[in-house]
Amino acid sequence: MRIFYTVLCLLVSLSLNAQCGDRYIKQIFDSVDIASSILYGNNVNYTGGSEDLYLDFYEPSGDTEPLRPLIVLEHGGSFVGGTRTDGDVVALSEDFAKMGYACTSISYRLGMTGIPFPGPDSVAATEAVIRAYHDMKAAIRFFWKDARENGNTYRIDTNNIYIGGSSAGGFAAVHVAYLDKISEMPDWVDTTAAGLDGGLEGNSGNPGYPSEVKAVFSLAGALRDTSWIESGDLPLLSMHATLDETVPYGTDIISVLIYDIIVVSGSSDIHRRLNNVGVENCFYSVEGTMHPVHNGGAAYYDTTVLYIRNFLASFVCSNYNFDCFSNETIGLKENIIAKSDIKVFPNPAQNNIWVEFKNPENTVVQLNVFNIVGELVSSHQLNNSKALIDISNLKAGSYFVEINGNSWHSSKSFVKY
């Protein structure tokens, strides 16, 4: 597996608000409670019919925290398929709820005219994006409304709402982030038509409440026009495979099913524009064809969770500082006085890994193996600078070796297959 980083993330310097400890860093809860099929809105779908909109709400079992950050997720499916119970959005919702977040996976209006024949065009596809964009905003407003009118039954910290999505859901999320002027609405779509009206906020429900969020992540999403991105806009974490055949990595034409539709800009060019105007962002670029990145296997999914975790924790936790793509991010970074070179091989590995390192103090060291969310899976004391570690009992995925001396610390990632 070849993974490369095209950029090191800018250090996040926004106002931070909590001392987190292990919460939001590790999976400190064993289980998740799910409230299903909660009505959050209604609007006209592409056929002209009325459609109710539902969400599923995930929270840590037994959690007593009075206010939790919220992650709002939209699923993929080219705006014509997929559900809020798709495997990837459910897995992300459950994994982040175990870290202490409240999460919601939402349904949105699917479908576009012209399918199957004669095929959708740029107007039909743009209308589908607008519907998903409006529905995500209505879901955000649903939680703002509950916090202000209903005693905050979901215990959401409305200053810490984050949005993200996979593929089409990533499209919707970045459009919510950067399509923020009425003049940017496409002039080839009738935005006064039922189901498309309501300006930037739309008419999918919960009018009059904010749709404000703090940051965004996009898993193989794209934006119609990167010139919409301006200084001061929302921070973004984006992930994309270089040879993604579904959503362009750069700027290219996108297809729905077998139909070429419209030119859009994928994560690579979104990242370039964000850098050019000085908006904080992280971009994880993977060589390959997987769509989205986390569909490449367990290790890719684990890495996706790690980077989303790092990105969100930098906003939620005042004591969490990181370099987005550092292999040394395990929990909180504290008191790292010196580093030592470390090698882990073979990598990927199935049953055993060799660990070699320089020991500047020539003393007994502690070697720990952590999973992707910082949970300790094995621990070893070493008297020398080379060790064979049995990993045969670990499940497939990404892990970290961490070595601690008296006054130095070093770590390295590896993949178990």
# chains A, B, ... in the order shown; residues from 1 in each chain; ligands from 1

call {"tool": "closest_atom_pairs", "arguments": {"of": "region 135-155 of chain A", "to": "region 163-172 of chain A", "cutoff": "10 Å", "atoms": "only C-alpha atoms", "output": "Markdown table"}}
result
| residue | atom | partner | partner_atom | distance |
| --- | --- | --- | --- | --- |
| A:Asp135 | CA | A:Ala172 | CA | 9.1 |
| A:Met136 | CA | A:Ala172 | CA | 7.4 |
| A:Lys137 | CA | A:Ala172 | CA | 9.6 |
| A:Ile140 | CA | A:Ile163 | CA | 8.7 |

call {"tool": "select_by_dssp", "arguments": {"residues": "region 110-322 of chain A", "states": "alpha helix (DSSP H)", "output": "PyMOL selection string"}}
result
chain A and resi 122-149+168-178+267-277+298-316

call {"tool": "atom_distance", "arguments": {"atom1": "CA of Tyr40 (chain A)", "atom2": "CA of Asp233 (chain A)"}}
result
26.7 Å

call {"tool": "select_by_dssp", "arguments": {"residues": "region 163-407 of chain A", "states": "strand (DSSP E or B)", "output": "PyMOL selection string"}}
result
chain A and resi 163-166+215-219+222-223+236-241+251-256+259-266+281-286+342-345+349+352-357+365-371+376-382+386-390+397-404

call {"tool": "closest_residue", "arguments": {"among": "A:Ala124, A:Cys282, A:Ala97, A:Leu367", "to": "Phe311 (chain A)", "atoms": "only C-alpha atoms"}}
result
A:Cys282

call {"tool": "residues_around", "arguments": {"residues": "region 370-375 of chain A", "least_positions_apart": "4", "cutoff": "9 Å", "atoms": "only C-alpha atoms", "output": "list in words"}}
result
Ile25, Lys26, Gln27, Met99, Asp302, Thr303, Val305, Leu306, Arg309, Thr329, Ile330, Gly331, Gly397, Ser398, Tyr399, Phe400, Val401 and Glu402 of chain A

call {"tool": "write_last_selection", "arguments": {"atoms": "C-alpha atoms", "output": "CSV table (one decimal), in the first residue's frame"}}
result
chain,number,residue,atom,x,y,z
A,25,ILE,CA,-9.3,11.3,21.5
A,26,LYS,CA,-10.0,7.7,22.4
A,27,GLN,CA,-13.0,5.4,22.3
A,99,MET,CA,-15.2,8.9,21.4
A,302,ASP,CA,-8.7,3.3,10.2
A,303,THR,CA,-6.5,6.1,8.8
A,305,VAL,CA,-10.9,7.8,11.3
A,306,LEU,CA,-7.5,8.9,12.7
A,309,ARG,CA,-10.3,12.6,14.8
A,329,THR,CA,-0.2,11.4,17.1
A,330,ILE,CA,-1.4,9.1,19.8
A,331,GLY,CA,-3.6,10.8,22.4
A,397,GLY,CA,-6.0,-2.2,10.3
A,398,SER,CA,-3.5,0.5,11.2
A,399,TYR,CA,-1.5,0.6,14.4
A,400,PHE,CA,1.3,2.6,16.0
A,401,VAL,CA,4.4,1.5,17.8
A,402,GLU,CA,5.4,3.9,20.5

call {"tool": "closest_residue", "arguments": {"among": "A:His294, A:Val123, A:Leu312, A:Asp269", "to": "Asp187 (chain A)", "atoms": "only C-alpha atoms"}}
result
A:Val123

call {"tool": "closest_residue", "arguments": {"among": "A:Ser238, A:Ser122, A:Thr85, A:Asn43", "to": "Leu55 (chain A)", "atoms": "only C-alpha atoms"}}
result
A:Thr85

call {"tool": "residues_around", "arguments": {"residues": "region 227-230 of chain A", "least_positions_apart": "5", "cutoff": "7 Å", "atoms": "only C-alpha atoms", "output": "number ranges by chain"}}
result
A: 178-179, 274, 277

call {"tool": "residues_around", "arguments": {"residues": "Ile156 (chain A)", "least_positions_apart": "2", "cutoff": "12 Å", "atoms": "only C-alpha atoms", "output": "ChimeraX atom specification"}}
result
/A:57-59,65-72,100-104,140-148,150-154,158-162

call {"tool": "residues_around", "arguments": {"residues": "Cys20 (chain A)", "least_positions_apart": "5", "cutoff": "10 Å", "atoms": "only C-alpha atoms", "output": "number ranges by chain"}}
result
A: 25, 313, 316-320, 332

call {"tool": "write_last_selection", "arguments": {"atoms": "N, CA and C atoms", "output": "tab-separated table (two decimals), in the first residue's frame"}}
result
chain	number	residue	atom	x	y	z
A	25	ILE	N	-10.62	11.78	21.94
A	25	ILE	CA	-9.33	11.30	21.45
A	25	ILE	C	-9.36	9.78	21.33
A	313	ALA	N	-10.60	17.17	16.86
A	313	ALA	CA	-10.10	17.41	18.21
A	313	ALA	C	-9.36	18.74	18.31
A	316	VAL	N	-12.24	21.06	19.12
A	316	VAL	CA	-12.99	20.76	20.34
A	316	VAL	C	-12.11	20.91	21.58
A	317	CYS	N	-10.83	20.58	21.46
A	317	CYS	CA	-9.96	20.45	22.64
A	317	CYS	C	-8.87	21.51	22.65
A	318	SER	N	-8.85	22.32	23.69
A	318	SER	CA	-7.86	23.38	23.77
A	318	SER	C	-6.46	22.85	24.04
A	319	ASN	N	-6.35	21.61	24.54
A	319	ASN	CA	-5.04	21.06	24.87
A	319	ASN	C	-4.56	20.05	23.84
A	320	TYR	N	-5.13	20.07	22.63
A	320	TYR	CA	-4.75	19.10	21.61
A	320	TYR	C	-4.10	19.83	20.45
A	332	LEU	N	-2.71	12.70	23.56
A	332	LEU	CA	-2.15	14.04	23.68
A	332	LEU	C	-0.64	13.98	23.62

call {"tool": "closest_atom_pairs", "arguments": {"of": "region 67-164 of chain A", "to": "region 46-52 of chain A", "cutoff": "8 Å", "atoms": "only C-alpha atoms", "output": "CSV"}}
result
residue,atom,partner,partner_atom,distance
A:Arg109,CA,A:Glu51,CA,7.5
A:Leu110,CA,A:Tyr46,CA,7.7
A:Gly111,CA,A:Tyr46,CA,6.3
A:Met112,CA,A:Tyr46,CA,6.0
A:Thr113,CA,A:Tyr46,CA,6.9
A:Ala128,CA,A:Tyr46,CA,7.8

call {"tool": "residues_around", "arguments": {"residues": "Ser267 (chain A)", "least_positions_apart": "6", "cutoff": "7 Å", "atoms": "only C-alpha atoms", "output": "PyMOL selection string"}}
result
chain A and resi 220-222+238-240+249-250

call {"tool": "write_last_selection", "arguments": {"atoms": "N, CA and C atoms", "output": "mmCIF file, in the first residue's frame"}}
result
data_model
loop_
_atom_site.group_PDB
_atom_site.id
_atom_site.type_symbol
_atom_site.label_atom_id
_atom_site.label_comp_id
_atom_site.auth_asym_id
_atom_site.auth_seq_id
_atom_site.Cartn_x
_atom_site.Cartn_y
_atom_site.Cartn_z
ATOM 1 N N ALA A 220 -13.830 12.401 -0.546
ATOM 2 C CA ALA A 220 -14.004 12.295 -2.003
ATOM 3 C C ALA A 220 -15.170 13.130 -2.497
ATOM 4 N N GLY A 221 -15.301 14.345 -1.971
ATOM 5 C CA GLY A 221 -16.309 15.271 -2.466
ATOM 6 C C GLY A 221 -15.733 16.210 -3.513
ATOM 7 N N ALA A 222 -16.536 17.158 -3.959
ATOM 8 C CA ALA A 222 -16.096 18.122 -4.967
ATOM 9 C C ALA A 222 -16.964 19.369 -4.874
ATOM 10 N N SER A 238 -9.978 17.254 3.776
ATOM 11 C CA SER A 238 -10.444 16.506 2.615
ATOM 12 C C SER A 238 -9.526 15.319 2.357
ATOM 13 N N MET A 239 -10.113 14.254 1.832
ATOM 14 C CA MET A 239 -9.397 13.021 1.515
ATOM 15 C C MET A 239 -9.830 12.560 0.131
ATOM 16 N N HIS A 240 -8.858 12.128 -0.667
ATOM 17 C CA HIS A 240 -9.186 11.771 -2.051
ATOM 18 C C HIS A 240 -8.102 10.869 -2.619
ATOM 19 N N TYR A 249 -10.263 13.856 -8.882
ATOM 20 C CA TYR A 249 -9.280 14.286 -7.886
ATOM 21 C C TYR A 249 -8.972 15.775 -8.048
ATOM 22 N N GLY A 250 -8.880 16.209 -9.318
ATOM 23 C CA GLY A 250 -8.670 17.619 -9.631
ATOM 24 C C GLY A 250 -9.912 18.204 -10.264
#

call {"tool": "atom_distance", "arguments": {"atom1": "CA of Tyr24 (chain A)", "atom2": "CA of Ser411 (chain A)"}}
result
21.0 Å

call {"tool": "closest_residue", "arguments": {"among": "A:Glu212, A:Asp190, A:Glu201, A:Asp252", "to": "Leu234 (chain A)", "atoms": "only C-alpha atoms"}}
result
A:Glu212

call {"tool": "closest_residue", "arguments": {"among": "A:Leu382, A:Ala298, A:Leu200, A:Val344", "to": "Lys395 (chain A)", "atoms": "only C-alpha atoms"}}
result
A:Ala298

call {"tool": "atom_distance", "arguments": {"atom1": "CA of Leu219 (chain A)", "atom2": "CA of Asp63 (chain A)"}}
result
28.4 Å

call {"tool": "closest_residue", "arguments": {"among": "A:Asn384, A:Gly296, A:Asn206, A:Asp180", "to": "Glu149 (chain A)", "atoms": "only C-alpha atoms"}}
result
A:Asn206
